[in-house]
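Below is protein.tsv, which holds TSV, C-alpha atoms.
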chain	number	residue	atom	x	y	z
A	1	MET	CA	147.62	118.92	0.02
A	2	GLU	CA	149.63	120.40	-2.86
A	3	GLU	CA	147.59	121.66	-5.76
A	4	LYS	CA	148.65	123.22	-9.02
A	5	GLY	CA	147.20	126.66	-9.71
A	6	ILE	CA	144.46	127.17	-12.24
A	7	LEU	CA	144.73	129.45	-15.27
A	8	PHE	CA	141.70	131.71	-15.71
A	9	ILE	CA	141.20	133.63	-18.95
A	10	LEU	CA	138.74	136.51	-19.01
A	11	SER	CA	137.80	137.65	-22.47
A	12	GLY	CA	134.89	138.92	-24.52
A	13	PRO	CA	133.93	141.42	-27.20
A	14	SER	CA	135.64	144.80	-27.02
A	15	GLY	CA	133.73	147.40	-25.04
A	16	VAL	CA	132.11	144.81	-22.77
A	17	GLY	CA	134.06	146.03	-19.73
A	18	LYS	CA	136.78	143.38	-19.28
A	19	GLY	CA	139.32	145.84	-17.85
A	20	THR	CA	136.91	147.34	-15.33
A	21	VAL	CA	135.76	143.94	-14.11
A	22	ARG	CA	139.33	142.64	-13.85
A	23	LYS	CA	140.43	145.74	-11.91
A	24	GLN	CA	137.57	145.36	-9.43
A	25	LEU	CA	138.28	141.64	-9.09
A	26	PHE	CA	141.91	142.31	-8.19
A	27	GLU	CA	140.97	144.95	-5.65
A	28	GLU	CA	138.92	142.33	-3.79
A	29	ASP	CA	140.93	139.19	-4.41
A	30	SER	CA	144.51	138.73	-3.35
A	31	ASP	CA	144.78	135.01	-4.07
A	32	LEU	CA	144.77	135.46	-7.81
A	33	GLN	CA	147.99	136.29	-9.60
A	34	TYR	CA	147.61	138.68	-12.49
A	35	SER	CA	149.76	137.60	-15.40
A	36	ILE	CA	152.63	140.03	-16.00
A	37	SER	CA	152.99	140.83	-19.69
A	38	VAL	CA	156.15	141.20	-21.72
A	39	THR	CA	156.44	144.44	-23.67
A	40	THR	CA	158.85	146.33	-25.88
A	41	ARG	CA	157.61	149.74	-24.79
A	42	ALA	CA	159.88	151.77	-22.51
A	43	PRO	CA	159.17	151.63	-18.78
A	44	ARG	CA	157.29	154.65	-17.44
A	45	GLU	CA	158.42	156.36	-14.28
A	46	GLY	CA	157.98	154.07	-11.32
A	47	GLU	CA	157.39	150.95	-13.37
A	48	GLN	CA	159.50	148.00	-12.36
A	49	ASP	CA	160.76	145.16	-14.49
A	50	GLY	CA	159.15	141.90	-13.33
A	51	THR	CA	156.40	143.71	-11.43
A	52	ASP	CA	154.53	145.89	-13.91
A	53	TYR	CA	155.94	144.31	-17.05
A	54	PHE	CA	158.86	142.31	-18.27
A	55	PHE	CA	160.62	144.95	-20.36
A	56	LYS	CA	162.40	143.63	-23.44
A	57	SER	CA	164.03	145.01	-26.55
A	58	ARG	CA	162.35	144.45	-29.88
A	59	GLU	CA	165.03	141.89	-30.76
A	60	GLN	CA	164.55	140.02	-27.49
A	61	PHE	CA	160.79	139.98	-28.01
A	62	GLU	CA	161.10	138.66	-31.55
A	63	ASN	CA	163.43	135.97	-30.26
A	64	MET	CA	160.74	135.01	-27.75
A	65	ILE	CA	158.22	134.73	-30.58
A	66	GLU	CA	160.60	132.55	-32.57
A	67	ASN	CA	161.39	130.33	-29.59
A	68	ASP	CA	157.69	129.85	-28.82
A	69	GLU	CA	158.10	131.49	-25.42
A	70	LEU	CA	154.85	133.47	-25.65
A	71	ILE	CA	151.36	132.07	-25.19
A	72	GLU	CA	149.97	134.92	-27.26
A	73	TYR	CA	151.12	138.33	-28.40
A	74	ALA	CA	149.97	141.37	-30.34
A	75	GLU	CA	151.35	144.65	-31.59
A	76	TYR	CA	149.79	147.99	-30.60
A	77	VAL	CA	151.04	151.38	-31.81
A	78	GLY	CA	154.47	150.08	-32.63
A	79	ASN	CA	155.02	148.08	-29.45
A	80	TYR	CA	154.73	144.38	-28.77
A	81	TYR	CA	152.74	143.01	-25.84
A	82	GLY	CA	152.66	139.32	-24.97
A	83	THR	CA	151.99	136.69	-22.34
A	84	PRO	CA	155.13	134.82	-21.30
A	85	LYS	CA	154.71	131.05	-21.14
A	86	GLN	CA	157.45	130.46	-18.55
A	87	TYR	CA	156.06	132.95	-16.04
A	88	VAL	CA	152.54	131.55	-16.31
A	89	GLU	CA	153.76	127.97	-15.92
A	90	ASP	CA	156.05	128.79	-13.00
A	91	THR	CA	153.27	130.61	-11.17
A	92	LEU	CA	150.82	127.73	-11.73
A	93	ASN	CA	153.44	125.26	-10.50
A	94	GLN	CA	153.78	127.31	-7.32
A	95	GLY	CA	150.10	126.54	-6.71
A	96	LYS	CA	148.92	130.05	-7.53
A	97	ASP	CA	146.02	130.79	-9.85
A	98	VAL	CA	146.91	132.96	-12.83
A	99	PHE	CA	144.44	135.40	-14.31
A	100	LEU	CA	144.65	136.67	-17.90
A	101	GLU	CA	142.47	139.41	-19.32
A	102	ILE	CA	142.80	139.43	-23.08
A	103	GLU	CA	141.02	139.96	-26.40
A	104	VAL	CA	138.99	137.17	-27.94
A	105	GLN	CA	141.61	136.42	-30.58
A	106	GLY	CA	144.36	136.15	-27.96
A	107	ALA	CA	142.15	133.90	-25.85
A	108	MET	CA	141.70	131.53	-28.77
A	109	LYS	CA	145.49	131.28	-29.07
A	110	VAL	CA	145.76	130.52	-25.35
A	111	ARG	CA	143.11	127.82	-25.77
A	112	GLU	CA	145.32	126.12	-28.36
A	113	SER	CA	148.37	125.89	-26.14
A	114	LEU	CA	146.67	125.67	-22.72
A	115	PRO	CA	143.28	123.98	-23.17
A	116	GLU	CA	143.19	123.12	-19.45
A	117	GLY	CA	142.65	126.80	-18.70
A	118	VAL	CA	139.24	128.03	-17.54
A	119	PHE	CA	137.84	130.33	-20.21
A	120	ILE	CA	135.35	132.98	-19.12
A	121	PHE	CA	133.42	134.98	-21.70
A	122	LEU	CA	132.20	138.36	-20.51
A	123	PHE	CA	128.91	139.14	-22.17
A	124	PRO	CA	127.14	142.46	-22.80
A	125	PRO	CA	124.46	143.31	-20.21
A	126	SER	CA	121.46	142.65	-22.38
A	127	LEU	CA	120.96	140.52	-25.43
A	128	GLU	CA	117.54	141.96	-26.01
A	129	GLU	CA	119.20	145.31	-26.30
A	130	LEU	CA	121.86	144.01	-28.65
A	131	LYS	CA	119.16	142.46	-30.80
A	132	ASN	CA	117.07	145.61	-30.76
A	133	ARG	CA	120.09	147.70	-31.60
A	134	ILE	CA	120.90	145.46	-34.54
A	135	MET	CA	117.36	145.21	-35.88
A	136	HIS	CA	115.82	148.57	-35.21
A	137	ARG	CA	118.39	151.15	-36.14
A	138	GLY	CA	116.00	152.86	-38.47
A	139	THR	CA	118.59	154.99	-40.19
A	140	GLU	CA	120.92	152.20	-41.23
A	141	SER	CA	120.98	150.32	-44.47
A	142	GLU	CA	119.89	146.71	-44.78
A	143	GLU	CA	123.44	145.75	-45.64
A	144	LEU	CA	124.85	147.33	-42.48
A	145	ILE	CA	122.24	145.54	-40.39
A	146	ARG	CA	123.23	142.28	-42.05
A	147	ASN	CA	126.90	142.92	-41.31
A	148	ARG	CA	126.16	143.65	-37.70
A	149	LEU	CA	124.14	140.46	-37.45
A	150	LEU	CA	127.05	138.50	-38.88
A	151	GLU	CA	129.40	140.17	-36.41
A	152	ALA	CA	127.12	139.24	-33.53
A	153	LYS	CA	126.94	135.69	-34.85
A	154	LYS	CA	130.74	135.48	-34.87
A	155	GLU	CA	130.81	136.64	-31.25
A	156	ILE	CA	128.19	134.07	-30.25
A	157	ASP	CA	130.15	131.37	-32.06
A	158	MET	CA	133.31	132.36	-30.19
A	159	MET	CA	131.39	131.75	-26.99
A	160	ASP	CA	131.37	128.03	-27.79
A	161	ALA	CA	135.08	127.81	-27.07
A	162	TYR	CA	134.56	129.13	-23.53
A	163	ASP	CA	133.70	127.30	-20.33
A	164	TYR	CA	131.65	130.03	-18.71
A	165	VAL	CA	129.63	133.01	-19.80
A	166	VAL	CA	129.34	135.88	-17.31
A	167	VAL	CA	126.89	138.64	-18.03
A	168	ASN	CA	128.29	142.05	-17.17
A	169	ASP	CA	124.96	143.53	-16.09
A	170	GLU	CA	126.59	145.12	-13.03
A	171	ILE	CA	130.31	145.15	-12.21
A	172	GLU	CA	129.85	143.89	-8.65
A	173	ARG	CA	127.67	141.00	-9.77
A	174	ALA	CA	130.01	140.08	-12.61
A	175	VAL	CA	132.94	140.08	-10.17
A	176	ARG	CA	131.02	137.90	-7.73
A	177	ARG	CA	130.24	135.43	-10.52
A	178	ILE	CA	133.90	135.24	-11.52
A	179	GLN	CA	134.91	134.74	-7.87
A	180	SER	CA	132.36	131.92	-7.64
A	181	ILE	CA	133.81	130.30	-10.76
A	182	VAL	CA	137.28	130.45	-9.19
A	183	VAL	CA	136.08	128.82	-5.96
A	184	SER	CA	133.98	126.15	-7.67
A	185	GLU	CA	136.73	125.23	-10.13
A	186	HIS	CA	138.86	124.38	-7.11
A	187	CYS	CA	136.10	122.01	-5.95
A	188	LYS	CA	135.85	120.15	-9.26
A	189	ARG	CA	136.05	116.46	-8.68
A	190	GLU	CA	138.48	115.87	-11.57
A	191	ARG	CA	140.96	118.20	-9.89
A	192	VAL	CA	140.46	117.29	-6.28
A	193	ALA	CA	139.83	113.55	-6.48
A	194	LYS	CA	143.27	112.98	-7.94
A	195	GLN	CA	144.94	114.60	-4.93
A	196	TYR	CA	142.72	112.83	-2.44
A	197	LYS	CA	143.41	109.52	-4.08
A	198	LYS	CA	147.09	110.35	-4.15
A	199	ALA	CA	146.98	111.19	-0.45
A	200	LEU	CA	145.33	107.89	0.40
A	201	GLY	CA	146.48	106.02	-2.69
A	202	SER	CA	149.15	103.58	-1.64
A	203	ASP	CA	147.22	102.43	1.42
A	204	LEU	CA	144.06	101.75	-0.53
A	205	SER	CA	145.29	99.87	-3.53
Y	1	MET	CA	115.56	135.01	-20.39
Y	2	GLU	CA	113.78	131.86	-19.21
Y	3	GLU	CA	116.04	129.25	-17.65
Y	4	LYS	CA	115.23	125.86	-16.23
Y	5	GLY	CA	116.29	125.37	-12.63
Y	6	ILE	CA	119.26	123.21	-11.72
Y	7	LEU	CA	119.09	120.15	-9.48
Y	8	PHE	CA	121.82	120.08	-6.84
Y	9	ILE	CA	122.48	116.92	-4.84
Y	10	LEU	CA	124.50	117.15	-1.66
Y	11	SER	CA	125.73	113.83	-0.36
Y	12	GLY	CA	128.71	112.18	1.30
Y	13	PRO	CA	129.66	109.61	3.92
Y	14	SER	CA	127.50	109.52	7.03
Y	15	GLY	CA	128.74	111.72	9.84
Y	16	VAL	CA	130.39	114.20	7.50
Y	17	GLY	CA	127.89	116.93	8.42
Y	18	LYS	CA	125.52	117.07	5.43
Y	19	GLY	CA	122.50	118.12	7.50
Y	20	THR	CA	124.34	120.92	9.30
Y	21	VAL	CA	125.76	122.31	6.08
Y	22	ARG	CA	122.38	122.11	4.32
Y	23	LYS	CA	120.64	123.86	7.21
Y	24	GLN	CA	123.15	126.70	7.22
Y	25	LEU	CA	122.91	126.98	3.44
Y	26	PHE	CA	119.15	127.40	3.60
Y	27	GLU	CA	119.37	129.99	6.31
Y	28	GLU	CA	121.50	132.12	3.99
Y	29	ASP	CA	120.04	131.28	0.61
Y	30	SER	CA	116.44	131.87	-0.34
Y	31	ASP	CA	116.77	131.17	-4.06
Y	32	LEU	CA	117.22	127.45	-3.58
Y	33	GLN	CA	114.18	125.24	-3.19
Y	34	TYR	CA	114.63	122.38	-0.75
Y	35	SER	CA	113.06	119.23	-2.10
Y	36	ILE	CA	109.97	118.23	-0.10
Y	37	SER	CA	110.00	114.52	0.68
Y	38	VAL	CA	107.12	112.07	0.62
Y	39	THR	CA	106.64	110.07	3.80
Y	40	THR	CA	104.31	107.53	5.35
Y	41	ARG	CA	104.93	108.73	8.88
Y	42	ALA	CA	102.13	110.66	10.59
Y	43	PRO	CA	102.35	114.47	10.52
Y	44	ARG	CA	103.62	116.00	13.76
Y	45	GLU	CA	101.85	118.95	15.29
Y	46	GLY	CA	102.16	122.00	13.06
Y	47	GLU	CA	103.47	120.06	10.07
Y	48	GLN	CA	101.67	120.84	6.84
Y	49	ASP	CA	101.10	118.58	3.88
Y	50	GLY	CA	102.96	119.97	0.88
Y	51	THR	CA	105.17	122.20	3.01
Y	52	ASP	CA	107.01	119.96	5.44
Y	53	TYR	CA	106.28	116.69	3.72
Y	54	PHE	CA	103.86	115.13	1.33
Y	55	PHE	CA	102.03	112.78	3.71
Y	56	LYS	CA	100.88	109.52	2.17
Y	57	SER	CA	99.48	106.19	3.34
Y	58	ARG	CA	101.65	103.13	3.02
Y	59	GLU	CA	99.49	101.95	0.14
Y	60	GLN	CA	99.79	105.27	-1.67
Y	61	PHE	CA	103.58	105.25	-1.18
Y	62	GLU	CA	103.91	101.71	-2.52
Y	63	ASN	CA	101.82	102.73	-5.52
Y	64	MET	CA	104.26	105.58	-6.10
Y	65	ILE	CA	107.15	103.11	-6.02
Y	66	GLU	CA	105.37	100.85	-8.51
Y	67	ASN	CA	104.52	103.73	-10.83
Y	68	ASP	CA	108.09	105.00	-10.79
Y	69	GLU	CA	107.02	108.29	-9.23
Y	70	LEU	CA	109.98	108.46	-6.85
Y	71	ILE	CA	113.52	109.40	-7.75
Y	72	GLU	CA	114.78	107.50	-4.73
Y	73	TYR	CA	113.33	106.15	-1.50
Y	74	ALA	CA	114.31	104.36	1.68
Y	75	GLU	CA	112.66	102.88	4.74
Y	76	TYR	CA	113.64	104.01	8.25
Y	77	VAL	CA	112.12	102.61	11.46
Y	78	GLY	CA	109.01	101.37	9.70
Y	79	ASN	CA	108.32	104.48	7.63
Y	80	TYR	CA	109.02	105.24	4.00
Y	81	TYR	CA	110.78	108.43	2.90
Y	82	GLY	CA	111.23	109.34	-0.74
Y	83	THR	CA	111.90	112.08	-3.27
Y	84	PRO	CA	108.93	112.71	-5.56
Y	85	LYS	CA	109.85	112.98	-9.23
Y	86	GLN	CA	106.89	115.19	-10.20
Y	87	TYR	CA	107.57	117.82	-7.56
Y	88	VAL	CA	111.26	118.04	-8.47
Y	89	GLU	CA	110.51	118.31	-12.18
Y	90	ASP	CA	107.75	120.89	-11.70
Y	91	THR	CA	109.99	123.06	-9.53
Y	92	LEU	CA	112.85	122.86	-12.05
Y	93	ASN	CA	110.45	123.76	-14.86
Y	94	GLN	CA	109.41	126.83	-12.89
Y	95	GLY	CA	113.04	127.93	-13.17
Y	96	LYS	CA	113.83	127.25	-9.51
Y	97	ASP	CA	116.89	125.33	-8.36
Y	98	VAL	CA	116.14	122.23	-6.31
Y	99	PHE	CA	118.43	121.05	-3.56
Y	100	LEU	CA	118.53	117.47	-2.31
Y	101	GLU	CA	120.49	116.32	0.71
Y	102	ILE	CA	120.66	112.53	0.71
Y	103	GLU	CA	122.78	109.48	1.50
Y	104	VAL	CA	125.37	108.25	-0.99
Y	105	GLN	CA	123.23	105.29	-2.06
Y	106	GLY	CA	120.23	107.53	-2.73
Y	107	ALA	CA	122.43	109.95	-4.66
Y	108	MET	CA	123.58	107.13	-6.93
Y	109	LYS	CA	119.94	106.34	-7.71
Y	110	VAL	CA	119.28	110.00	-8.51
Y	111	ARG	CA	122.30	109.97	-10.81
Y	112	GLU	CA	120.70	107.13	-12.78
Y	113	SER	CA	117.44	108.94	-13.44
Y	114	LEU	CA	118.68	112.55	-13.44
Y	115	PRO	CA	122.30	112.57	-14.65
Y	116	GLU	CA	122.01	116.28	-15.52
Y	117	GLY	CA	121.94	117.05	-11.80
Y	118	VAL	CA	124.96	118.63	-10.14
Y	119	PHE	CA	126.40	116.15	-7.64
Y	120	ILE	CA	128.34	117.54	-4.70
Y	121	PHE	CA	130.31	115.21	-2.44
Y	122	LEU	CA	130.88	116.52	1.07
Y	123	PHE	CA	134.23	115.30	2.31
Y	124	PRO	CA	135.57	114.87	5.86
Y	125	PRO	CA	137.72	117.76	7.08
Y	126	SER	CA	141.04	115.97	6.91
Y	127	LEU	CA	142.23	113.05	4.88
Y	128	GLU	CA	145.44	112.86	6.87
Y	129	GLU	CA	143.31	112.32	9.92
Y	130	LEU	CA	141.18	109.68	8.22
Y	131	LYS	CA	144.32	107.90	7.12
Y	132	ASN	CA	145.89	108.13	10.56
Y	133	ARG	CA	142.71	106.89	12.16
Y	134	ILE	CA	142.64	103.92	9.84
Y	135	MET	CA	146.31	103.01	10.18
Y	136	HIS	CA	147.23	103.83	13.72
Y	137	ARG	CA	144.45	102.55	15.90
Y	138	GLY	CA	146.86	100.48	17.88
Y	139	THR	CA	144.24	98.39	19.61
Y	140	GLU	CA	142.53	97.12	16.49
Y	141	SER	CA	143.15	93.92	14.61
Y	142	GLU	CA	144.80	93.87	11.20
Y	143	GLU	CA	141.56	92.57	9.71
Y	144	LEU	CA	139.55	95.49	11.09
Y	145	ILE	CA	142.11	97.93	9.70
Y	146	ARG	CA	141.85	96.22	6.33
Y	147	ASN	CA	138.05	96.48	6.43
Y	148	ARG	CA	138.20	100.15	7.24
Y	149	LEU	CA	140.63	100.72	4.39
Y	150	LEU	CA	138.24	98.95	2.03
Y	151	GLU	CA	135.38	101.08	3.32
Y	152	ALA	CA	137.40	104.24	2.74
Y	153	LYS	CA	138.26	103.00	-0.73
Y	154	LYS	CA	134.56	102.52	-1.50
Y	155	GLU	CA	133.89	106.08	-0.38
Y	156	ILE	CA	136.68	107.44	-2.55
Y	157	ASP	CA	135.37	105.43	-5.50
Y	158	MET	CA	131.88	106.86	-4.96
Y	159	MET	CA	133.43	110.29	-5.31
Y	160	ASP	CA	134.07	109.54	-9.00
Y	161	ALA	CA	130.35	109.76	-9.71
Y	162	TYR	CA	130.23	113.33	-8.36
Y	163	ASP	CA	130.89	116.63	-10.08
Y	164	TYR	CA	132.33	118.47	-7.10
Y	165	VAL	CA	134.04	117.64	-3.87
Y	166	VAL	CA	133.60	120.09	-1.01
Y	167	VAL	CA	135.72	119.68	2.07
Y	168	ASN	CA	133.75	120.30	5.25
Y	169	ASP	CA	136.67	121.80	7.17
Y	170	GLU	CA	134.46	124.59	8.49
Y	171	ILE	CA	130.69	124.91	8.00
Y	172	GLU	CA	130.83	128.52	6.79
Y	173	ARG	CA	133.54	127.73	4.27
Y	174	ALA	CA	131.74	124.61	3.03
Y	175	VAL	CA	128.53	126.63	2.62
Y	176	ARG	CA	130.38	129.35	0.70
Y	177	ARG	CA	131.88	126.72	-1.61
Y	178	ILE	CA	128.43	125.25	-2.30
Y	179	GLN	CA	127.02	128.72	-2.96
Y	180	SER	CA	129.87	129.33	-5.41
Y	181	ILE	CA	129.09	126.07	-7.18
Y	182	VAL	CA	125.44	127.14	-7.52
Y	183	VAL	CA	126.42	130.53	-8.99
Y	184	SER	CA	129.06	129.15	-11.33
Y	185	GLU	CA	126.80	126.35	-12.61
Y	186	HIS	CA	124.42	129.08	-13.77
Y	187	CYS	CA	127.31	130.63	-15.74
Y	188	LYS	CA	128.25	127.40	-17.52
Y	189	ARG	CA	128.46	128.00	-21.22
Y	190	GLU	CA	126.56	124.80	-22.10
Y	191	ARG	CA	123.58	126.10	-20.15
Y	192	VAL	CA	123.70	129.76	-21.00
Y	193	ALA	CA	124.85	129.68	-24.63
Y	194	LYS	CA	121.75	127.74	-25.62
Y	195	GLN	CA	119.46	130.46	-24.26
Y	196	TYR	CA	121.55	133.25	-25.74
Y	197	LYS	CA	121.53	131.56	-29.09
Y	198	LYS	CA	117.81	130.96	-28.77
Y	199	ALA	CA	117.29	134.63	-27.96
Y	200	LEU	CA	119.22	135.73	-31.02
Y	201	GLY	CA	118.77	132.51	-32.98
Y	202	SER	CA	116.28	133.18	-35.75
Y	203	ASP	CA	117.89	136.47	-36.68
Y	204	LEU	CA	121.35	135.00	-36.93
Y	205	SER	CA	120.78	131.84	-38.88
Taking this structure as input, can you express it in the form of structure tokens?
Amino acid sequence: MEEKGILFILSGPSGVGKGTVRKQLFEEDSDLQYSISVTTRAPREGEQDGTDYFFKSREQFENMIENDELIEYAEYVGNYYGTPKQYVEDTLNQGKDVFLEIEVQGAMKVRESLPEGVFIFLFPPSLEELKNRIMHRGTESEELIRNRLLEAKKEIDMMDAYDYVVVNDEIERAVRRIQSIVVSEHCKRERVAKQYKKALGSDLS
Amino acid sequence: MEEKGILFILSGPSGVGKGTVRKQLFEEDSDLQYSISVTTRAPREGEQDGTDYFFKSREQFENMIENDELIEYAEYVGNYYGTPKQYVEDTLNQGKDVFLEIEVQGAMKVRESLPEGVFIFLFPPSLEELKNRIMHRGTESEELIRNRLLEAKKEIDMMDAYDYVVVNDEIERAVRRIQSIVVSEHCKRERVAKQYKKALGSDLS
């Protein structure tokens, strides 16, 4: 039974531990394909083109932006980083799951072009704590508290564009939850029924 | 964070191995609550009312049917068996997941009254095999083959009312898939976001 791969996007507020969780996930899981980014920064010793990154010149990268060849991109300290559309699509078509770990803003861009992706929001360990932190920082002005509340509200609103929310209370548990999401997404009737029907299709109609 | 339990319904064509999978699942998983059935059959030695079954007289059971106190019921060899609505609802309200293992027809009835349940369809190990069995039984009449194809079609159509399809290729793997579905359902944004918003709600509005 041939099945197209599934695109998983892990995102969440900065500082929540996305990188750590993703790293742990990839140490345990060999079936997922981590999306290789395109960058304009120079390769470091030992880094290979097409394995660590796709290395491009600034001109090449800007051409990719113009030709809509990137799902999302950003610029950090003078270098571009982006997610190449072709690579993601090719990998999915090979039946492999692709895993992206990106910032919330990047994830929203991915949602626009690839809404069929599975969007996972990594959440801070404790909301009670977040709330307490926001409300009870005795030394801070009322205005700062208000701003922080608004910021938290924005984050919560972002959550609405995601399919799953995983609490990062413990790395191992967060990883296990993400692994469960991967397995269960492959059992979703909408995905599987189509193949099963296709397999039996012509004889049943 | 208080959360209502989730109702999981495992079903599928007879002979697919529902009972075996459910038994193995409960040996490994203590967080799930198996739904206790109501029955009119006499308790066997050692069986306790409210633990193994809710034991009722025929009159009591028929009153339950009349008063719409059963999610679904059936009669086997002169005895009634049913799923009590109150018990399921109380357990869910206590924040415990409830697990039902029932026939396809019963599952369809549950879907009518509790559409928020998570419906898992257990599928035979190999569709190729099913197809081959249907098509290549040399000794059988064309009419019988046609009937079997129609039966298979009905089963496939039933699948459309389910949320997940789990292939029972190997008991351990099927159990792991169901466990993953349980975990990932608890991470679904629709479920979790509401609580998170509720927890922060008044301060953010």
So how many Å separate atom CA of Lys18 of chain Y and atom CA of Met64 of chain Y, to one decimal? 26.8 Å
Contacts of Tyr162 of chain A within 8 Å, only C-alpha atoms, excl. fewer than 5 positions in-chain, as a CSV table (one decimal) with C-alpha atoms, in the frame of the given file:
chain,number,residue,atom,x,y,z
A,118,VAL,CA,139.2,128.0,-17.5
A,119,PHE,CA,137.8,130.3,-20.2
A,120,ILE,CA,135.4,133.0,-19.1
A,121,PHE,CA,133.4,135.0,-21.7
Y,189,ARG,CA,128.5,128.0,-21.2
Near-Lys23 of chain Y list (12 Å; only C-alpha atoms; drop same-chain fewer than 4 positions) as a count of residues only: 17
Between Y:Val16, Y:Val77, Y:Met108, Y:Val182, which residue has the minimum interatomic distance to Met159 of chain Y, considering only C-alpha atoms? Y:Met108
All residues 10 Å or closer to segment 80-91 of chain A, all atoms listed in the file, same chain fewer than 2 positions away omitted, as an mmCIF file with C-alpha atoms, keeping the file's coordinate frame:
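The resulting part_5.cif:
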data_model
loop_
_atom_site.group_PDB
_atom_site.id
_atom_site.type_symbol
_atom_site.label_atom_id
_atom_site.label_comp_id
_atom_site.auth_asym_id
_atom_site.auth_seq_id
_atom_site.Cartn_x
_atom_site.Cartn_y
_atom_site.Cartn_z
ATOM 1 C CA LYS A 4 148.650 123.220 -9.020
ATOM 2 C CA GLY A 5 147.200 126.660 -9.710
ATOM 3 C CA ILE A 6 144.460 127.170 -12.240
ATOM 4 C CA LEU A 7 144.730 129.450 -15.270
ATOM 5 C CA GLN A 33 147.990 136.290 -9.600
ATOM 6 C CA TYR A 34 147.610 138.680 -12.490
ATOM 7 C CA SER A 35 149.760 137.600 -15.400
ATOM 8 C CA ILE A 36 152.630 140.030 -16.000
ATOM 9 C CA SER A 37 152.990 140.830 -19.690
ATOM 10 C CA VAL A 38 156.150 141.200 -21.720
ATOM 11 C CA THR A 39 156.440 144.440 -23.670
ATOM 12 C CA THR A 40 158.850 146.330 -25.880
ATOM 13 C CA ARG A 41 157.610 149.740 -24.790
ATOM 14 C CA GLY A 50 159.150 141.900 -13.330
ATOM 15 C CA TYR A 53 155.940 144.310 -17.050
ATOM 16 C CA PHE A 54 158.860 142.310 -18.270
ATOM 17 C CA PHE A 55 160.620 144.950 -20.360
ATOM 18 C CA LYS A 56 162.400 143.630 -23.440
ATOM 19 C CA SER A 57 164.030 145.010 -26.550
ATOM 20 C CA ARG A 58 162.350 144.450 -29.880
ATOM 21 C CA PHE A 61 160.790 139.980 -28.010
ATOM 22 C CA GLU A 62 161.100 138.660 -31.550
ATOM 23 C CA MET A 64 160.740 135.010 -27.750
ATOM 24 C CA ILE A 65 158.220 134.730 -30.580
ATOM 25 C CA ASP A 68 157.690 129.850 -28.820
ATOM 26 C CA GLU A 69 158.100 131.490 -25.420
ATOM 27 C CA LEU A 70 154.850 133.470 -25.650
ATOM 28 C CA ILE A 71 151.360 132.070 -25.190
ATOM 29 C CA GLU A 72 149.970 134.920 -27.260
ATOM 30 C CA TYR A 73 151.120 138.330 -28.400
ATOM 31 C CA ALA A 74 149.970 141.370 -30.340
ATOM 32 C CA GLU A 75 151.350 144.650 -31.590
ATOM 33 C CA TYR A 76 149.790 147.990 -30.600
ATOM 34 C CA VAL A 77 151.040 151.380 -31.810
ATOM 35 C CA GLY A 78 154.470 150.080 -32.630
ATOM 36 C CA ASN A 93 153.440 125.260 -10.500
ATOM 37 C CA GLN A 94 153.780 127.310 -7.320
ATOM 38 C CA GLY A 95 150.100 126.540 -6.710
ATOM 39 C CA LYS A 96 148.920 130.050 -7.530
ATOM 40 C CA ASP A 97 146.020 130.790 -9.850
ATOM 41 C CA VAL A 98 146.910 132.960 -12.830
ATOM 42 C CA PHE A 99 144.440 135.400 -14.310
ATOM 43 C CA LEU A 100 144.650 136.670 -17.900
ATOM 44 C CA ILE A 102 142.800 139.430 -23.080
ATOM 45 C CA GLY A 106 144.360 136.150 -27.960
ATOM 46 C CA VAL A 110 145.760 130.520 -25.350
ATOM 47 C CA SER A 113 148.370 125.890 -26.140
ATOM 48 C CA LEU A 114 146.670 125.670 -22.720
#
Neighbouring residues of Pro125 of chain Y were defined as those with any atom within 7 Å, considering all atoms listed in the file; residues of the same chain fewer than 5 positions away were excluded. Please report them as an mmCIF file with C-alpha atoms, in the coordinates of the input.
data_model
loop_
_atom_site.group_PDB
_atom_site.id
_atom_site.type_symbol
_atom_site.label_atom_id
_atom_site.label_comp_id
_atom_site.auth_asym_id
_atom_site.auth_seq_id
_atom_site.Cartn_x
_atom_site.Cartn_y
_atom_site.Cartn_z
ATOM 1 C CA VAL Y 167 135.720 119.680 2.070
ATOM 2 C CA ASN Y 168 133.750 120.300 5.250
ATOM 3 C CA ASP Y 169 136.670 121.800 7.170
#
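Of the listed residues Y:Phe8, Y:Tyr164, Y:Phe26, Y:Phe123, the one whose atoms come nearest to chain A is Y:Tyr164, with distances taken using all atoms listed in the file.
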Pairwise distance, atom CA of Ile181 of chain Y with atom CA of Ile9 of chain Y, equals 11.5 Å
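Between atom CA of Ser180 of chain A and atom CA of Ser184 of chain Y there is a distance of 5.7 Å.
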